[in-house]
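**Student:** Below is one structure. I have some questions about it.
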Amino acid sequence: TLAHAQAAPDAPATKTNDATASTKINDPDDLRHVKEQVAALLLQGNYDEIDRLAQRVRSEKTRMPGGGWQLTNLYSGLMAPKGSDPEPQIARLKAWIAARPNSITAHVALAKLLIEYAWVARGNGQADTVTDKGWKLFAARSAEAKRVLDDSAHLTPMCPEWFSEMQTVALAQDWDKARTADLFHRAIQFEPDFDNFYTFYANYLLPKWDGDPGEATTFAKQSADSIGGSKGNYIYYRVSVKIITGCNCKPILKKLDWTRIQQGRQAQIEMFGNSNADINQFAQLAVRYQDRETARSAFDQIGDKWSVGVWKTRESFDNARNWANSTAPSVRKSQDGGDAVQN
């Protein structure tokens with residue numbers, strides 16, 4: 001791993017927001033339009049309009065179907081297209097900062113692209129698969145992203161995505177637990193309804209990064225209990241999805257509460273609506289928990305609209321759906337690992 005980074009300057013001054021999230025939901029056409037709009041505005045150099053739009057989305061706390069923030073979707077429109085050389089887009093974002101040095105949106109967008117570029121250099125494999133050149137580029141680009149964020153820590157109005165990008169930097173630079181925990185607590189004090197703070201921190205707590213076994217699942221429960229109610233169950237669901245997909249190991253399933261995951265999924269639908277990706281994700285969770293009835297219901301909703309992001313291949317999707325629709329009995333272990341339950 002990389003050596004621990006030097007101590008960061010103080011994070012931006014925190015504020016306490018109304019803990020009630022906006023229930024305004026954009027439809028898929030709106031989401032595509034925002035991404036296309038900001039991408040075109042950047043090419044035109046119309047920085048004022050991007051800043052105006054970003055600030056409106058921030059202040060309204062608009063959600064996407066399923067609960068994700070529209071703000072995150074907006075930033076994705078400022079990234080380089082997948083598979084393309086990011087250098088021209090980096091140059092555009094730097095030109096924006098030069099023209100509007102007080103734009104928090106420009107700084108966060110550049111940091112986000114730089115940290116994405118850093119992970120491209122590293123790759124997603126185990127540490128021993130990364131080349132020396134890959135490590136050097138990873139370290140250099142991560143450090144540049146941190147410099148951009150540090151340079152904008154004083155700007156107002158601040159942006160919740162600033163914190164989530166610094167969380168990604170913390171992971172890349174292998175910050176110690178106390179420093180990373182402090183960043184998380186500053187983040188949720190600034191904006192308690194920004195779900196990514198919880199999922200990013202849970203990912204950091206996985207054993208493959210800096211956590212101890214069981215630390216991430218304990219965090220999921222403690223966070224949900226602290227928030228309470230439907231909103232707490234929703235956070236439990238979001239964090240559990242991150243843990244299960246990030247760990248991809250069967251023992252982790254026993255450490256999470258499948259009943260509460262289902263309650264959180266229902267809370268997600270009631271508060272923020274639904275999306276095809278969410279239905280696919282829940283179907284996959286039901287399969288992993290060997291809950292055939294729940295999986296079958298989810299597959300009925302999916303129809304043939306399978307998600308590549310969830311299943312990766314059509315064969316994987318078909319195999320899971322065939323299992324759910326099979327009449328053969330399956331065995332599902334109880335949550336405490338005790339007696340098996342016939343489905």
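Residues are referred to by chain and number: the chain letter is A, B, ... according to the order shown in the structure tokens, the number counts from 1 in that chain, and ligands are numbered separately from 1 in the order shown.
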Show which residues sit within 10 Å of Ser76 of chain A, as a list in words. Count only C-alpha atoms, and ignore same-chain residues fewer than 3 positions away.

**Tutor:**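 Counting only the stated atoms, we get Val34, Lys35, Glu36, Val38, Ala39, Gln70, Leu71, Thr72, Asn73, Met79, Ala80, Pro81, Ala109, Lys112 and Leu113 of chain A.
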
**Student:** Under the rule that only C-alpha atoms are counted, which of A:Asp193, A:Asp304, A:Glu116, A:Asp176 is the nearest residue to Ala145 of chain A?

**Tutor:**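 Between A:Asp193, A:Asp304, A:Glu116, A:Asp176, the residue approaching Ala145 of chain A most closely is A:Glu116.
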
**Student:** When you look at segment 197-212 of chain A with a cut-off of 9 Å (counting only C-alpha atoms), what residues show up, excluding the ones that are within fewer than 4 positions of it in the same chain? I need them as a compact mmCIF listing (two decimals) with all heavy atoms, in the first residue's frame.

**Tutor:**
```
# COMPACT_ATOMS: atom_id res chain seq x y z
N PRO A 160 -21.40 18.81 -1.16
CA PRO A 160 -21.22 17.51 -0.53
C PRO A 160 -20.31 16.58 -1.32
O PRO A 160 -19.62 15.73 -0.74
CB PRO A 160 -22.64 16.95 -0.44
CG PRO A 160 -23.47 17.78 -1.34
CD PRO A 160 -22.81 19.12 -1.40
N PHE A 163 -16.66 16.29 -0.18
CA PHE A 163 -16.34 15.32 0.87
C PHE A 163 -16.22 13.91 0.30
O PHE A 163 -15.33 13.15 0.69
CB PHE A 163 -17.41 15.37 1.96
CG PHE A 163 -17.35 16.58 2.83
CD1 PHE A 163 -18.11 17.71 2.53
CD2 PHE A 163 -16.55 16.61 3.96
CE1 PHE A 163 -18.07 18.83 3.34
CE2 PHE A 163 -16.51 17.74 4.78
CZ PHE A 163 -17.26 18.85 4.47
N SER A 164 -17.14 13.52 -0.58
CA SER A 164 -17.08 12.16 -1.11
C SER A 164 -15.82 11.95 -1.96
O SER A 164 -15.23 10.86 -1.95
CB SER A 164 -18.34 11.82 -1.91
OG SER A 164 -18.50 12.68 -3.00
N GLN A 167 -13.09 11.42 0.41
CA GLN A 167 -13.14 10.04 0.91
C GLN A 167 -12.45 9.08 -0.05
O GLN A 167 -11.77 8.14 0.36
CB GLN A 167 -14.60 9.61 1.11
CG GLN A 167 -15.27 10.19 2.34
CD GLN A 167 -16.69 9.67 2.50
OE1 GLN A 167 -17.57 9.96 1.69
NE2 GLN A 167 -16.92 8.88 3.53
N THR A 168 -12.61 9.32 -1.34
CA THR A 168 -11.94 8.48 -2.33
C THR A 168 -10.43 8.69 -2.28
O THR A 168 -9.65 7.74 -2.42
CB THR A 168 -12.47 8.78 -3.74
OG1 THR A 168 -13.89 8.70 -3.74
CG2 THR A 168 -11.93 7.80 -4.76
N ALA A 170 -8.84 9.50 0.42
CA ALA A 170 -8.43 8.83 1.65
C ALA A 170 -8.17 7.35 1.40
O ALA A 170 -7.20 6.78 1.93
CB ALA A 170 -9.51 9.00 2.72
N LEU A 171 -9.02 6.72 0.62
CA LEU A 171 -8.83 5.31 0.28
C LEU A 171 -7.57 5.13 -0.56
O LEU A 171 -6.76 4.23 -0.31
CB LEU A 171 -10.05 4.79 -0.48
CG LEU A 171 -10.05 3.30 -0.84
CD1 LEU A 171 -10.14 2.45 0.42
CD2 LEU A 171 -11.19 2.97 -1.78
N ASP A 174 -4.43 5.69 1.50
CA ASP A 174 -4.30 4.81 2.66
C ASP A 174 -4.23 5.59 3.97
O ASP A 174 -3.36 5.36 4.81
CB ASP A 174 -3.06 3.92 2.50
CG ASP A 174 -3.07 2.74 3.44
OD1 ASP A 174 -4.16 2.37 3.91
OD2 ASP A 174 -1.99 2.19 3.73
N TRP A 175 -5.18 6.52 4.13
CA TRP A 175 -5.23 7.28 5.38
C TRP A 175 -5.49 6.33 6.55
O TRP A 175 -6.15 5.28 6.40
CB TRP A 175 -6.35 8.31 5.33
CG TRP A 175 -6.11 9.47 4.41
CD1 TRP A 175 -5.15 9.60 3.46
CD2 TRP A 175 -6.89 10.66 4.37
NE1 TRP A 175 -5.27 10.80 2.81
CE2 TRP A 175 -6.34 11.48 3.36
CE3 TRP A 175 -7.99 11.13 5.08
CZ2 TRP A 175 -6.86 12.73 3.04
CZ3 TRP A 175 -8.51 12.37 4.77
CH2 TRP A 175 -7.95 13.17 3.77
N ASP A 176 -5.05 6.71 7.72
CA ASP A 176 -5.31 5.88 8.89
C ASP A 176 -6.78 6.02 9.31
O ASP A 176 -7.50 6.91 8.86
CB ASP A 176 -4.36 6.21 10.04
CG ASP A 176 -4.50 7.64 10.55
OD1 ASP A 176 -5.64 8.11 10.76
OD2 ASP A 176 -3.47 8.31 10.73
N LYS A 177 -7.19 5.13 10.21
CA LYS A 177 -8.61 5.05 10.56
C LYS A 177 -9.13 6.31 11.27
O LYS A 177 -10.25 6.76 11.00
CB LYS A 177 -8.87 3.82 11.43
CG LYS A 177 -8.83 2.52 10.66
CD LYS A 177 -9.21 1.35 11.56
CE LYS A 177 -9.24 0.07 10.75
NZ LYS A 177 -9.59 -1.10 11.60
N THR A 180 -9.63 9.09 8.68
CA THR A 180 -10.73 8.80 7.77
C THR A 180 -12.07 8.89 8.47
O THR A 180 -13.06 9.38 7.91
CB THR A 180 -10.54 7.41 7.13
OG1 THR A 180 -9.23 7.32 6.57
CG2 THR A 180 -11.57 7.16 6.05
N ALA A 181 -12.13 8.43 9.72
CA ALA A 181 -13.36 8.53 10.50
C ALA A 181 -13.72 10.00 10.74
O ALA A 181 -14.89 10.39 10.68
CB ALA A 181 -13.21 7.81 11.83
N PHE A 184 -15.32 11.35 7.66
CA PHE A 184 -16.70 10.88 7.54
C PHE A 184 -17.63 11.67 8.44
O PHE A 184 -18.71 12.10 8.02
CB PHE A 184 -16.78 9.39 7.86
CG PHE A 184 -18.18 8.88 8.06
CD1 PHE A 184 -19.04 8.73 6.98
CD2 PHE A 184 -18.65 8.57 9.33
CE1 PHE A 184 -20.34 8.29 7.16
CE2 PHE A 184 -19.95 8.11 9.51
CZ PHE A 184 -20.79 7.98 8.43
N ALA A 187 -18.28 15.04 7.18
CA ALA A 187 -19.14 14.97 5.99
C ALA A 187 -20.61 14.88 6.37
O ALA A 187 -21.45 15.62 5.86
CB ALA A 187 -18.73 13.78 5.13
N ILE A 188 -20.95 13.95 7.28
CA ILE A 188 -22.36 13.79 7.62
C ILE A 188 -22.87 14.95 8.46
O ILE A 188 -24.07 15.22 8.49
CB ILE A 188 -22.64 12.45 8.32
CG1 ILE A 188 -21.85 12.30 9.62
CG2 ILE A 188 -22.36 11.29 7.38
CD1 ILE A 188 -22.23 11.07 10.42
N PRO A 192 -26.18 15.44 6.23
CA PRO A 192 -26.51 14.10 6.74
C PRO A 192 -27.28 13.22 5.77
O PRO A 192 -27.34 12.01 5.98
CB PRO A 192 -27.34 14.40 8.00
CG PRO A 192 -27.86 15.78 7.80
CD PRO A 192 -26.81 16.51 7.02
N ASP A 193 -27.87 13.80 4.73
CA ASP A 193 -28.68 13.00 3.81
C ASP A 193 -27.93 12.56 2.56
O ASP A 193 -28.54 11.98 1.66
CB ASP A 193 -29.91 13.80 3.39
CG ASP A 193 -30.93 13.92 4.51
OD1 ASP A 193 -31.05 12.95 5.28
OD2 ASP A 193 -31.57 14.97 4.63
N ALA A 216 -17.17 -3.37 8.83
CA ALA A 216 -18.11 -2.72 7.91
C ALA A 216 -19.55 -3.08 8.26
O ALA A 216 -20.44 -2.22 8.21
CB ALA A 216 -17.80 -3.11 6.47
N THR A 217 -19.81 -4.34 8.60
CA THR A 217 -21.18 -4.74 8.93
C THR A 217 -21.63 -4.12 10.25
O THR A 217 -22.80 -3.77 10.42
CB THR A 217 -21.29 -6.27 9.00
OG1 THR A 217 -20.32 -6.80 9.92
CG2 THR A 217 -21.04 -6.89 7.63
N PHE A 219 -20.62 -1.21 11.28
CA PHE A 219 -20.89 0.18 10.90
C PHE A 219 -22.28 0.31 10.27
O PHE A 219 -23.00 1.27 10.55
CB PHE A 219 -19.82 0.66 9.92
CG PHE A 219 -20.17 1.95 9.23
CD1 PHE A 219 -20.13 3.15 9.91
CD2 PHE A 219 -20.53 1.95 7.89
CE1 PHE A 219 -20.46 4.35 9.28
CE2 PHE A 219 -20.86 3.14 7.24
CZ PHE A 219 -20.82 4.34 7.93
N ALA A 220 -22.67 -0.65 9.45
CA ALA A 220 -23.98 -0.62 8.81
C ALA A 220 -25.09 -0.60 9.85
O ALA A 220 -26.02 0.21 9.77
CB ALA A 220 -24.15 -1.81 7.87
N SER A 223 -25.01 2.71 12.09
CA SER A 223 -25.48 3.87 11.34
C SER A 223 -27.00 3.84 11.22
O SER A 223 -27.68 4.85 11.45
CB SER A 223 -24.85 3.92 9.95
OG SER A 223 -23.46 4.07 10.03
N ILE A 235 -30.63 3.40 4.70
CA ILE A 235 -29.17 3.48 4.76
C ILE A 235 -28.58 2.08 4.96
O ILE A 235 -27.55 1.73 4.37
CB ILE A 235 -28.72 4.44 5.87
CG1 ILE A 235 -29.02 5.88 5.48
CG2 ILE A 235 -27.22 4.28 6.18
CD1 ILE A 235 -28.27 6.39 4.26
N ARG A 238 -28.56 0.44 1.56
CA ARG A 238 -27.54 0.98 0.67
C ARG A 238 -26.14 0.51 1.08
O ARG A 238 -25.33 0.12 0.24
CB ARG A 238 -27.59 2.52 0.68
CG ARG A 238 -28.77 3.14 -0.06
CD ARG A 238 -28.61 3.04 -1.57
NE ARG A 238 -27.34 3.55 -2.04
CZ ARG A 238 -27.07 4.84 -2.30
NH1 ARG A 238 -28.02 5.75 -2.13
NH2 ARG A 238 -25.89 5.20 -2.75
N VAL A 239 -25.86 0.55 2.38
CA VAL A 239 -24.55 0.13 2.86
C VAL A 239 -24.35 -1.37 2.67
O VAL A 239 -23.27 -1.83 2.29
CB VAL A 239 -24.36 0.55 4.33
CG1 VAL A 239 -23.08 -0.05 4.90
CG2 VAL A 239 -24.34 2.07 4.46
N SER A 240 -25.41 -2.16 2.91
CA SER A 240 -25.31 -3.61 2.74
C SER A 240 -25.00 -3.99 1.30
O SER A 240 -24.20 -4.89 1.04
CB SER A 240 -26.60 -4.29 3.20
OG SER A 240 -26.80 -4.12 4.59
N VAL A 241 -25.64 -3.30 0.36
CA VAL A 241 -25.35 -3.56 -1.05
C VAL A 241 -23.87 -3.31 -1.33
O VAL A 241 -23.21 -4.11 -2.01
CB VAL A 241 -26.23 -2.67 -1.97
CG1 VAL A 241 -25.74 -2.73 -3.41
CG2 VAL A 241 -27.68 -3.10 -1.90
N LYS A 242 -23.35 -2.21 -0.81
CA LYS A 242 -21.94 -1.89 -1.02
C LYS A 242 -21.03 -2.95 -0.42
O LYS A 242 -20.03 -3.36 -1.03
CB LYS A 242 -21.62 -0.52 -0.40
CG LYS A 242 -20.24 0.01 -0.74
CD LYS A 242 -20.12 0.32 -2.21
CE LYS A 242 -18.79 0.96 -2.55
NZ LYS A 242 -18.69 1.28 -4.00
N ILE A 243 -21.36 -3.40 0.78
CA ILE A 243 -20.53 -4.41 1.45
C ILE A 243 -20.56 -5.73 0.69
O ILE A 243 -19.52 -6.34 0.44
CB ILE A 243 -21.02 -4.62 2.90
CG1 ILE A 243 -20.73 -3.36 3.74
CG2 ILE A 243 -20.35 -5.83 3.53
CD1 ILE A 243 -21.37 -3.39 5.11
N GLY A 246 -18.91 -5.40 -2.67
CA GLY A 246 -17.49 -5.10 -2.52
C GLY A 246 -16.70 -6.27 -2.00
O GLY A 246 -15.53 -6.44 -2.33
N CYS A 247 -17.34 -7.09 -1.17
CA CYS A 247 -16.65 -8.25 -0.58
C CYS A 247 -16.80 -9.49 -1.47
O CYS A 247 -15.85 -10.23 -1.67
CB CYS A 247 -17.21 -8.52 0.81
SG CYS A 247 -16.44 -9.93 1.64
```

**Student:** Which one is closest to Trp96 of chain A: A:Leu43, A:Gln55, A:Thr313, A:Thr131? Count only C-alpha atoms.

**Tutor:** A:Leu43

**Student:** At a cut-off of 9 Å, using only C-alpha atoms, what residues contact Leu114 of chain A? Leave out same-chain residues fewer than 6 positions from it and give the result as a ChimeraX atom specification.

**Tutor:** /A:86,90,141-142,144-145

**Student:** Return as a PyMOL selection string the full set of residues in segment 128-315 of chain A whose backbone-based DSSP assignment is helix (DSSP H, G or I).

**Tutor:** chain A and resi 128-129+132-151+160-172+177-190+196-204+215-227+229-247+251-254+258-272+276-288+292-302+308-311+314-315

**Student:** What lies within 10 Å of segment 314-330 of chain A using only C-alpha atoms, ignoring chain neighbours under 5 positions off, as a list in words?

**Tutor:**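 Counting only the stated atoms, we get Asn280, Ala283, Gln284, Ala286, Val287, Arg288, Gln290, Asp291, Arg292, Glu293, Thr294, Ala295, Arg296, Ser297, Ala298, Phe299, Asp300, Ile302, Gly303, Asp304, Trp306, Ser307, Val308, Ala340, Val341, Gln342 and Asn343 of chain A.
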